[in-house]
$ cat work_12.cif   # mmCIF, C-alpha atoms
data_run
loop_
_atom_site.group_PDB
_atom_site.id
_atom_site.type_symbol
_atom_site.label_atom_id
_atom_site.label_comp_id
_atom_site.auth_asym_id
_atom_site.auth_seq_id
_atom_site.Cartn_x
_atom_site.Cartn_y
_atom_site.Cartn_z
ATOM 1 C CA MET A 573 -5.932 -8.826 7.650
ATOM 2 C CA SER A 574 -2.964 -8.046 9.817
ATOM 3 C CA ASN A 575 -0.528 -5.311 8.933
ATOM 4 C CA THR A 576 2.189 -6.597 11.221
ATOM 5 C CA ALA A 577 5.619 -7.589 9.943
ATOM 6 C CA LEU A 578 5.889 -10.712 7.834
ATOM 7 C CA LEU A 579 6.670 -13.917 9.654
ATOM 8 C CA ALA A 580 10.188 -15.210 9.248
ATOM 9 C CA GLN A 581 10.570 -17.398 6.213
ATOM 10 C CA PRO A 582 11.033 -21.073 7.150
ATOM 11 C CA THR A 583 14.324 -22.750 6.319
ATOM 12 C CA ALA A 584 12.628 -25.432 4.255
ATOM 13 C CA VAL A 585 10.746 -23.570 1.507
ATOM 14 C CA ARG A 586 7.764 -25.360 0.063
ATOM 15 C CA HIS A 587 7.664 -25.416 -3.686
ATOM 16 C CA LEU A 588 4.680 -25.627 -6.006
ATOM 17 C CA HIS A 589 5.404 -27.855 -9.004
ATOM 18 C CA ALA A 590 4.016 -27.353 -12.463
ATOM 19 C CA VAL A 591 1.622 -30.042 -13.647
ATOM 20 C CA GLU A 592 2.895 -31.986 -16.616
ATOM 21 C CA THR A 593 0.592 -31.811 -19.636
ATOM 22 C CA PRO A 594 0.695 -34.403 -22.434
ATOM 23 C CA ALA A 595 0.265 -31.840 -25.190
ATOM 24 C CA PRO A 596 0.455 -28.064 -25.631
ATOM 25 C CA VAL A 597 -2.676 -26.251 -24.579
ATOM 26 C CA ALA A 598 -4.322 -24.047 -27.172
ATOM 27 C CA PRO A 599 -4.443 -20.375 -26.211
ATOM 28 C CA ALA A 600 -7.718 -19.142 -24.801
ATOM 29 C CA PRO A 601 -9.886 -17.215 -27.268
ATOM 30 C CA THR A 602 -9.804 -13.446 -26.925
ATOM 31 C CA THR A 603 -13.410 -12.874 -27.931
ATOM 32 C CA GLY A 604 -16.611 -13.045 -25.947
ATOM 33 C CA SER A 605 -16.689 -10.826 -22.873
ATOM 34 C CA ILE A 606 -13.455 -9.016 -23.760
ATOM 35 C CA PRO A 607 -14.233 -5.558 -25.199
ATOM 36 C CA VAL A 608 -13.436 -4.983 -28.851
ATOM 37 C CA GLY A 609 -10.055 -3.356 -29.344
ATOM 38 C CA THR A 610 -8.522 -4.844 -26.200
ATOM 39 C CA ALA A 611 -6.344 -7.869 -25.540
ATOM 40 C CA PRO A 612 -5.435 -9.755 -22.343
ATOM 41 C CA ARG A 613 -2.088 -8.678 -20.894
ATOM 42 C CA GLY A 614 -1.992 -10.809 -17.754
ATOM 43 C CA PHE A 615 -4.101 -11.714 -14.755
ATOM 44 C CA ALA A 616 -4.477 -11.079 -11.036
ATOM 45 C CA LEU A 617 -4.808 -13.885 -8.489
ATOM 46 C CA TYR A 618 -6.280 -12.626 -5.215
ATOM 47 C CA VAL A 619 -5.126 -14.716 -2.253
ATOM 48 C CA GLY A 620 -6.857 -14.264 1.087
ATOM 49 C CA ILE A 621 -4.774 -15.447 4.052
ATOM 50 C CA ASP A 622 -3.387 -13.585 7.033
ATOM 51 C CA GLU A 623 -0.071 -14.252 8.734
ATOM 52 C CA ALA A 624 -1.574 -16.294 11.566
ATOM 53 C CA LYS A 625 -3.365 -18.652 9.157
ATOM 54 C CA ALA A 626 -0.244 -18.979 7.038
ATOM 55 C CA ALA A 627 1.783 -19.868 10.146
ATOM 56 C CA ALA A 628 -0.800 -22.496 11.091
ATOM 57 C CA ASP A 629 -0.224 -24.057 7.663
ATOM 58 C CA GLY A 630 3.528 -24.051 8.253
ATOM 59 C CA VAL A 631 4.399 -21.275 5.787
ATOM 60 C CA SER A 632 4.713 -17.496 5.631
ATOM 61 C CA LEU A 633 3.349 -14.998 3.126
ATOM 62 C CA SER A 634 6.804 -14.498 1.611
ATOM 63 C CA THR A 635 7.174 -18.284 1.236
ATOM 64 C CA LEU A 636 3.890 -18.484 -0.672
ATOM 65 C CA VAL A 637 4.859 -15.621 -2.965
ATOM 66 C CA GLU A 638 8.244 -17.162 -3.721
ATOM 67 C CA ALA A 639 6.682 -20.560 -4.462
ATOM 68 C CA LEU A 640 4.110 -19.066 -6.831
ATOM 69 C CA ARG A 641 6.758 -17.019 -8.608
ATOM 70 C CA ARG A 642 8.968 -20.055 -9.044
ATOM 71 C CA THR A 643 6.124 -22.123 -10.458
ATOM 72 C CA LEU A 644 5.174 -19.330 -12.842
ATOM 73 C CA GLY A 645 8.804 -19.102 -13.927
ATOM 74 C CA GLU A 646 8.703 -22.784 -14.892
ATOM 75 C CA LEU A 647 5.423 -22.521 -16.768
ATOM 76 C CA ALA A 648 5.950 -19.132 -18.418
ATOM 77 C CA PRO A 649 9.557 -17.863 -18.260
ATOM 78 C CA HIS A 650 8.602 -14.638 -20.038
ATOM 79 C CA ALA A 651 6.022 -13.654 -17.425
ATOM 80 C CA GLU A 652 6.654 -10.585 -15.265
ATOM 81 C CA THR A 653 5.380 -10.586 -11.691
ATOM 82 C CA TYR A 654 4.550 -8.003 -9.064
ATOM 83 C CA ALA A 655 3.413 -8.863 -5.539
ATOM 84 C CA THR A 656 2.127 -6.676 -2.732
ATOM 85 C CA VAL A 657 0.173 -7.078 0.497
ATOM 86 C CA ALA A 658 -3.337 -5.748 1.109
ATOM 87 C CA LEU A 659 -3.553 -3.975 4.466
ATOM 88 C CA ALA A 660 -6.618 -3.453 6.639
ATOM 89 C CA PRO A 661 -7.132 -2.117 10.164
ATOM 90 C CA VAL A 662 -6.700 -4.768 12.855
ATOM 91 C CA GLY A 663 -10.084 -6.263 13.741
ATOM 92 C CA ALA A 664 -11.737 -5.033 10.539
ATOM 93 C CA GLY A 665 -13.415 -8.422 10.053
ATOM 94 C CA GLY A 666 -14.711 -9.886 6.815
ATOM 95 C CA ARG A 667 -13.286 -12.589 4.589
ATOM 96 C CA ASP A 668 -9.589 -12.199 3.874
ATOM 97 C CA VAL A 669 -10.055 -12.546 0.120
ATOM 98 C CA ASP A 670 -12.742 -9.816 0.109
ATOM 99 C CA VAL A 671 -10.423 -7.488 2.027
ATOM 100 C CA VAL A 672 -7.708 -8.161 -0.561
ATOM 101 C CA ARG A 673 -10.019 -7.501 -3.509
ATOM 102 C CA LEU A 674 -11.227 -4.218 -2.043
ATOM 103 C CA ALA A 675 -7.773 -3.002 -1.032
ATOM 104 C CA LEU A 676 -6.369 -3.739 -4.488
ATOM 105 C CA HIS A 677 -9.281 -2.104 -6.342
ATOM 106 C CA GLU A 678 -10.787 -5.230 -7.904
ATOM 107 C CA PRO A 679 -13.662 -3.660 -9.947
ATOM 108 C CA SER A 680 -16.562 -5.930 -9.002
ATOM 109 C CA ALA A 681 -15.648 -5.825 -5.304
ATOM 110 C CA VAL A 682 -15.395 -2.027 -5.320
ATOM 111 C CA ALA A 683 -18.702 -1.720 -7.201
ATOM 112 C CA ARG A 684 -20.554 -3.499 -4.392
ATOM 113 C CA THR A 685 -19.468 -0.859 -1.890
ATOM 114 C CA LYS A 686 -20.679 2.197 -3.817
ATOM 115 C CA ASN A 687 -24.091 2.235 -2.161
ATOM 116 C CA GLU A 688 -22.683 2.221 1.350
ATOM 117 C CA GLN A 689 -23.220 5.316 3.478
ATOM 118 C CA PRO A 690 -20.078 7.501 3.450
ATOM 119 C CA GLU A 691 -18.330 8.283 6.694
ATOM 120 C CA GLU A 692 -18.242 11.813 8.051
ATOM 121 C CA ASP A 693 -15.443 13.813 6.508
ATOM 122 C CA HIS A 694 -13.773 14.625 9.808
ATOM 123 C CA VAL A 695 -13.927 14.566 13.567
ATOM 124 C CA PRO A 696 -14.258 17.800 15.614
ATOM 125 C CA GLY A 697 -10.702 17.952 16.967
ATOM 126 C CA GLY A 698 -7.255 16.696 16.073
ATOM 127 C CA VAL A 699 -6.087 15.469 12.689
ATOM 128 C CA THR A 700 -8.146 13.205 10.428
ATOM 129 C CA ILE A 701 -6.170 11.563 7.624
ATOM 130 C CA ASP A 702 -8.550 10.010 5.106
ATOM 131 C CA ILE A 703 -6.342 7.850 2.901
ATOM 132 C CA SER A 704 -9.046 6.622 0.507
ATOM 133 C CA ARG A 705 -10.431 10.138 -0.134
ATOM 134 C CA ARG A 706 -7.020 11.795 -0.036
ATOM 135 C CA ARG A 707 -8.172 14.387 2.491
ATOM 136 C CA VAL A 708 -6.729 15.801 5.703
ATOM 137 C CA HIS A 709 -8.759 17.755 8.260
ATOM 138 C CA ILE A 710 -7.175 19.666 11.129
ATOM 139 C CA ASP A 711 -9.461 20.633 14.010
ATOM 140 C CA GLY A 712 -12.427 20.240 11.678
ATOM 141 C CA GLU A 713 -10.995 22.358 8.857
ATOM 142 C CA SER A 714 -9.755 21.015 5.532
ATOM 143 C CA ALA A 715 -5.972 21.244 5.169
ATOM 144 C CA ALA A 716 -4.752 22.550 1.815
ATOM 145 C CA LEU A 717 -2.036 19.975 1.220
ATOM 146 C CA THR A 718 -0.409 19.778 -2.187
ATOM 147 C CA PHE A 719 -0.333 16.483 -4.063
ATOM 148 C CA LYS A 720 3.256 15.758 -3.004
ATOM 149 C CA GLU A 721 2.634 16.779 0.599
ATOM 150 C CA PHE A 722 -0.243 14.324 0.846
ATOM 151 C CA GLU A 723 1.813 11.625 -0.904
ATOM 152 C CA LEU A 724 4.584 12.158 1.628
ATOM 153 C CA LEU A 725 2.213 11.992 4.600
ATOM 154 C CA GLN A 726 0.440 8.926 3.193
ATOM 155 C CA TYR A 727 3.744 7.146 2.564
ATOM 156 C CA LEU A 728 4.769 7.605 6.199
ATOM 157 C CA VAL A 729 1.317 6.707 7.583
ATOM 158 C CA LEU A 730 1.162 3.444 5.619
ATOM 159 C CA ARG A 731 4.542 2.529 7.108
ATOM 160 C CA GLU A 732 3.659 3.447 10.661
ATOM 161 C CA GLY A 733 6.471 2.901 13.153
ATOM 162 C CA ARG A 734 9.190 2.492 10.509
ATOM 163 C CA THR A 735 11.891 5.100 9.921
ATOM 164 C CA ILE A 736 11.980 5.976 6.214
ATOM 165 C CA GLU A 737 15.252 7.148 4.758
ATOM 166 C CA ARG A 738 15.326 10.196 2.514
ATOM 167 C CA THR A 739 16.668 8.126 -0.368
ATOM 168 C CA GLU A 740 13.631 5.830 -0.162
ATOM 169 C CA LEU A 741 11.247 8.790 -0.177
ATOM 170 C CA VAL A 742 12.911 10.199 -3.284
ATOM 171 C CA SER A 743 12.955 6.886 -5.167
ATOM 172 C CA SER A 744 9.353 6.046 -4.212
ATOM 173 C CA LEU A 745 7.589 9.409 -4.530
ATOM 174 C CA TRP A 746 9.445 10.442 -7.665
ATOM 175 C CA SER A 747 9.771 6.981 -9.215
ATOM 176 C CA HIS A 748 8.492 8.166 -12.630
ATOM 177 C CA ALA A 749 10.589 11.319 -12.775
ATOM 178 C CA ASP A 750 13.601 11.609 -15.037
ATOM 179 C CA ALA A 751 16.981 11.577 -13.370
ATOM 180 C CA ASP A 752 17.368 15.336 -13.797
ATOM 181 C CA GLU A 753 13.844 15.988 -12.435
ATOM 182 C CA ALA A 754 14.079 13.911 -9.252
ATOM 183 C CA PRO A 755 14.806 16.087 -6.215
ATOM 184 C CA GLY A 756 17.830 15.744 -3.997
ATOM 185 C CA GLU A 757 17.523 14.363 -0.502
ATOM 186 C CA ARG A 758 17.539 17.841 1.000
ATOM 187 C CA THR A 759 14.487 18.750 -1.070
ATOM 188 C CA ILE A 760 12.606 16.170 1.004
ATOM 189 C CA ASP A 761 13.417 18.263 4.067
ATOM 190 C CA VAL A 762 11.763 21.252 2.382
ATOM 191 C CA HIS A 763 8.596 19.227 1.657
ATOM 192 C CA VAL A 764 8.528 18.013 5.258
ATOM 193 C CA ARG A 765 8.884 21.557 6.608
ATOM 194 C CA ARG A 766 5.979 22.734 4.460
ATOM 195 C CA LEU A 767 3.864 19.733 5.496
ATOM 196 C CA ARG A 768 4.577 20.390 9.165
ATOM 197 C CA ALA A 769 3.693 24.058 8.771
ATOM 198 C CA LYS A 770 0.243 23.041 7.489
ATOM 199 C CA LEU A 771 -0.191 20.525 10.320
ATOM 200 C CA GLY A 772 0.272 23.416 12.740
ATOM 201 C CA ARG A 773 0.258 22.374 16.393
ATOM 202 C CA TYR A 774 0.192 18.732 15.295
ATOM 203 C CA GLU A 775 3.469 19.001 13.373
ATOM 204 C CA ASP A 776 5.110 16.402 15.609
ATOM 205 C CA VAL A 777 3.070 13.586 13.996
ATOM 206 C CA VAL A 778 5.883 13.582 11.412
ATOM 207 C CA ARG A 779 9.018 12.828 13.387
ATOM 208 C CA THR A 780 12.603 13.460 12.358
ATOM 209 C CA VAL A 781 15.113 10.689 12.988
ATOM 210 C CA ARG A 782 18.392 12.568 12.953
ATOM 211 C CA GLY A 783 20.811 11.491 10.268
ATOM 212 C CA ILE A 784 18.353 8.971 8.772
ATOM 213 C CA GLY A 785 14.956 10.306 7.725
ATOM 214 C CA TYR A 786 11.383 10.524 8.962
ATOM 215 C CA ARG A 787 8.688 8.381 10.556
ATOM 216 C CA PHE A 788 5.049 8.411 11.637
ATOM 217 C CA ASP A 789 4.008 6.911 14.972
ATOM 218 C CA ARG A 790 0.489 6.399 16.279
ATOM 219 C CA HIS A 791 -0.707 9.640 17.854
ATOM 220 C CA ALA A 792 -3.613 10.237 20.233
ATOM 221 C CA ASP A 793 -4.770 13.272 18.229
ATOM 222 C CA VAL A 794 -4.694 11.508 14.849
ATOM 223 C CA VAL A 795 -7.530 9.498 13.268
ATOM 224 C CA ILE A 796 -6.648 7.475 10.178
ATOM 225 C CA ARG A 797 -9.398 6.363 7.820
ATOM 226 C CA TYR A 798 -8.217 3.733 5.396
ATOM 227 C CA GLY A 799 -11.506 3.036 3.602
ATOM 228 C CA HIS A 800 -11.842 0.713 0.650
ATOM 229 C CA GLY A 801 -9.028 0.616 -1.838
ATOM 230 C CA THR A 802 -6.288 1.805 0.477
ATOM 231 C CA PRO A 803 -2.974 1.467 -1.343
ATOM 232 C CA SER A 804 -0.616 -1.052 0.184
ATOM 233 C CA PRO A 805 3.162 -0.701 0.246
ATOM 234 C CA ASP A 806 5.461 -3.129 -1.503
ATOM 235 C CA ARG A 807 6.283 -6.037 0.795
ATOM 236 C CA PHE A 808 8.023 -8.570 -1.473
#

$ encode --input "work_12.cif" --output "structure tokens"
Amino acid sequence: MSNTALLAQPTAVRHLHAVETPAPVAPAPTTGSIPVGTAPRGFALYVGIDEAKAAADGVSLSTLVEALRRTLGELAPHAETYATVALAPVGAGGRDVDVVRLALHEPSAVARTKNEQPEEDHVPGGVTIDISRRRVHIDGESAALTFKEFELLQYLVLREGRTIERTELVSSLWSHADADEAPGERTIDVHVRRLRAKLGRYEDVVRTVRGIGYRFDRHADVVIRYGHGTPSPDRF
């Protein structure tokens, strides 16, 4: 599945229409395979299609998301929606829908990968950033990054080539913090300095864009391992 930018949304947006039903449909029973003491709170629809296939069908990923949201709004106005894109390394292969299920932690898809042989933890030289295992190795040695330092590095890596403003880093990495607990923008600079200190001679993998923020660009000395279940950034 490609992790390139979304295709431009066409001027004429296709729209999925709700199917008229002659009578109200009875709610589905909540017994059977549903564990005792639990209740359904929603559902996930995994859609496997990359940008090239969407373009061949005359749409874009954002067009499909908007059409589905609009249809859901007609059928169930009280429904809340959240959409994201599953990312995978270019040329990873496999069925699109399987890539989506793995990247978004669909339980049965993840379970089928548990018996696979794990990759080596690191390569002899350079920096290895293992997103799925939340590990960083520098010249073969494990780097003692704090939780927030890894979150910061991961956030930049998953948005490779894009300059991230300090305000976005604060709102994203401290999204669950109370207003008085969220750091100021300059605190981000402190976290970046500490992260760079631990990266040592590879500190330039985190670049400063003066007056704006920070970015990560592909680096010859950096190996990124996404693995199964790599988190994907919000795209819609």

$ atom_distance --input "work_12.cif" --atom1 "atom CA of A:Val608" --atom2 "atom CA of A:Ala675"
28.5 Å

$ closest_residue --input "work_12.cif" --among "A:Glu737, A:Asp622, A:Glu713, A:Asp761" --to "A:Gly666" --atoms "only C-alpha atoms"
A:Asp622

$ residues_around --input "work_12.cif" --residues "A:His791" --least-positions-apart "4" --cutoff "12 Å" --atoms "only C-alpha atoms" --output "ChimeraX atom specification"
/A:698-701,729,732-733,774-779,787,795-796

$ atom_distance --input "work_12.cif" --atom1 "atom CA of A:Ala639" --atom2 "atom CA of A:Val671"
22.5 Å

$ atom_distance --input "work_12.cif" --atom1 "atom CA of A:Tyr618" --atom2 "atom CA of A:Thr643"
16.5 Å

$ residues_near_point --input "work_12.cif" --point "(9.9, 16.6, 1.1)" --cutoff "10 Å" --atoms "all atoms listed in the file" --output "PyMOL selection string"
chain A and resi 720-721+723-725+738+741-742+745+755-767

$ resolve_selection --input "work_12.cif" --expression "the PyMOL selection byres ((chain A and resi 714) around 12)" --output "list of chain:residue names"
A:Asp693, A:His694, A:Val695, A:Pro696, A:Gly697, A:Gly698, A:Val699, A:Thr700, A:Ile701, A:Asp702, A:Arg706, A:Arg707, A:Val708, A:His709, A:Ile710, A:Asp711, A:Gly712, A:Glu713, A:Ala715, A:Ala716, A:Leu717, A:Lys770, A:Leu771

$ closest_residue --input "work_12.cif" --among "A:Ile784, A:Leu640, A:Thr739, A:Ala616" --to "A:Pro679" --atoms "only C-alpha atoms"
A:Ala616

$ closest_residue --input "work_12.cif" --among "A:Leu644, A:Val657, A:Ala627, A:Leu730" --to "A:Ile703" --atoms "only C-alpha atoms"
A:Leu730

$ residues_near_point --input "work_12.cif" --point "(-7.9, -12.3, -13.9)" --cutoff "12 Å" --atoms "all atoms listed in the file" --output "PyMOL selection string"
chain A and resi 606+612-618+673+678-680

$ closest_residue --input "work_12.cif" --among "A:Ala769, A:Val672, A:Leu636, A:Leu659" --to "A:Gly620" --atoms "all atoms listed in the file"
A:Val672

$ closest_residue --input "work_12.cif" --among "A:Thr735, A:Ser744, A:Gln726, A:Ser634" --to "A:Arg782" --atoms "all atoms listed in the file"
A:Thr735

$ resolve_selection --input "work_12.cif" --expression "the PyMOL selection byres ((chain A and resi 621) around 8)" --output "ChimeraX atom specification"
/A:573,619-620,622-623,625-626,668-669

$ build_atoms --input "work_12.cif" --residues "stretch 782-793 of chain A" --atoms "all heavy atoms" --output "short mmCIF file (atom, residue, chain, number, x, y, z; two decimals), keeping the file's coordinate frame"
data_model
loop_
_atom_site.label_atom_id
_atom_site.label_comp_id
_atom_site.auth_asym_id
_atom_site.auth_seq_id
_atom_site.Cartn_x
_atom_site.Cartn_y
_atom_site.Cartn_z
N ARG A 782 17.18 11.85 13.35
CA ARG A 782 18.39 12.57 12.95
C ARG A 782 19.38 11.67 12.20
O ARG A 782 19.69 10.57 12.63
CB ARG A 782 19.08 13.18 14.19
CG ARG A 782 20.26 14.08 13.87
CD ARG A 782 20.81 14.70 15.14
NE ARG A 782 19.81 15.55 15.80
CZ ARG A 782 19.59 16.82 15.46
NH1 ARG A 782 20.28 17.37 14.48
NH2 ARG A 782 18.69 17.52 16.11
N GLY A 783 19.82 12.19 11.07
CA GLY A 783 20.81 11.49 10.27
C GLY A 783 20.25 10.36 9.43
O GLY A 783 21.00 9.73 8.68
N ILE A 784 18.93 10.09 9.53
CA ILE A 784 18.35 8.97 8.77
C ILE A 784 17.20 9.43 7.89
O ILE A 784 17.26 9.34 6.67
CB ILE A 784 17.87 7.85 9.72
CG1 ILE A 784 19.02 7.35 10.60
CG2 ILE A 784 17.27 6.69 8.91
CD1 ILE A 784 18.62 6.29 11.60
N GLY A 785 16.12 9.92 8.51
CA GLY A 785 14.96 10.31 7.72
C GLY A 785 13.78 10.68 8.61
O GLY A 785 13.95 11.38 9.60
N TYR A 786 12.60 10.13 8.27
CA TYR A 786 11.38 10.52 8.96
C TYR A 786 10.52 9.30 9.27
O TYR A 786 10.68 8.24 8.66
CB TYR A 786 10.58 11.52 8.11
CG TYR A 786 11.35 12.78 7.81
CD1 TYR A 786 12.05 12.91 6.60
CD2 TYR A 786 11.41 13.81 8.73
CE1 TYR A 786 12.78 14.06 6.33
CE2 TYR A 786 12.14 14.97 8.46
CZ TYR A 786 12.82 15.08 7.26
OH TYR A 786 13.55 16.20 7.01
N ARG A 787 9.58 9.48 10.21
CA ARG A 787 8.69 8.38 10.56
C ARG A 787 7.37 8.93 11.09
O ARG A 787 7.29 10.09 11.53
CB ARG A 787 9.31 7.46 11.60
CG ARG A 787 9.55 8.09 12.95
CD ARG A 787 10.27 7.13 13.88
NE ARG A 787 9.43 6.03 14.32
CZ ARG A 787 9.87 4.79 14.52
NH1 ARG A 787 11.15 4.51 14.31
NH2 ARG A 787 9.06 3.85 14.95
N PHE A 788 6.34 8.09 11.05
CA PHE A 788 5.05 8.41 11.64
C PHE A 788 4.75 7.36 12.69
O PHE A 788 4.83 6.16 12.42
CB PHE A 788 3.95 8.39 10.57
CG PHE A 788 2.55 8.46 11.14
CD1 PHE A 788 1.99 9.68 11.48
CD2 PHE A 788 1.82 7.31 11.36
CE1 PHE A 788 0.71 9.75 12.02
CE2 PHE A 788 0.54 7.36 11.91
CZ PHE A 788 -0.02 8.59 12.23
N ASP A 789 4.41 7.81 13.90
CA ASP A 789 4.01 6.91 14.97
C ASP A 789 2.56 7.22 15.34
O ASP A 789 2.09 8.36 15.19
CB ASP A 789 4.91 7.09 16.20
CG ASP A 789 6.31 6.55 15.95
OD1 ASP A 789 6.42 5.42 15.47
OD2 ASP A 789 7.29 7.28 16.23
N ARG A 790 1.87 6.22 15.85
CA ARG A 790 0.49 6.40 16.28
C ARG A 790 0.40 7.55 17.27
O ARG A 790 1.20 7.68 18.16
CB ARG A 790 -0.04 5.12 16.91
CG ARG A 790 -1.47 5.17 17.33
CD ARG A 790 -2.41 5.36 16.18
NE ARG A 790 -2.39 4.25 15.24
CZ ARG A 790 -3.19 4.16 14.18
NH1 ARG A 790 -4.05 5.12 13.93
NH2 ARG A 790 -3.10 3.12 13.37
N HIS A 791 -0.58 8.43 17.06
CA HIS A 791 -0.71 9.64 17.85
C HIS A 791 -2.13 9.75 18.37
O HIS A 791 -3.10 9.50 17.64
CB HIS A 791 -0.35 10.85 16.97
CG HIS A 791 -0.06 12.10 17.72
ND1 HIS A 791 -1.03 12.87 18.30
CD2 HIS A 791 1.13 12.73 17.97
CE1 HIS A 791 -0.48 13.92 18.87
NE2 HIS A 791 0.83 13.87 18.70
N ALA A 792 -2.29 10.17 19.62
CA ALA A 792 -3.61 10.24 20.23
C ALA A 792 -4.53 11.22 19.52
O ALA A 792 -5.75 11.07 19.54
CB ALA A 792 -3.47 10.62 21.71
N ASP A 793 -3.96 12.25 18.89
CA ASP A 793 -4.77 13.27 18.23
C ASP A 793 -5.01 12.99 16.75
O ASP A 793 -5.56 13.83 16.04
CB ASP A 793 -4.09 14.64 18.35
CG ASP A 793 -4.04 15.13 19.80
OD1 ASP A 793 -5.03 14.92 20.51
OD2 ASP A 793 -3.02 15.71 20.20
#
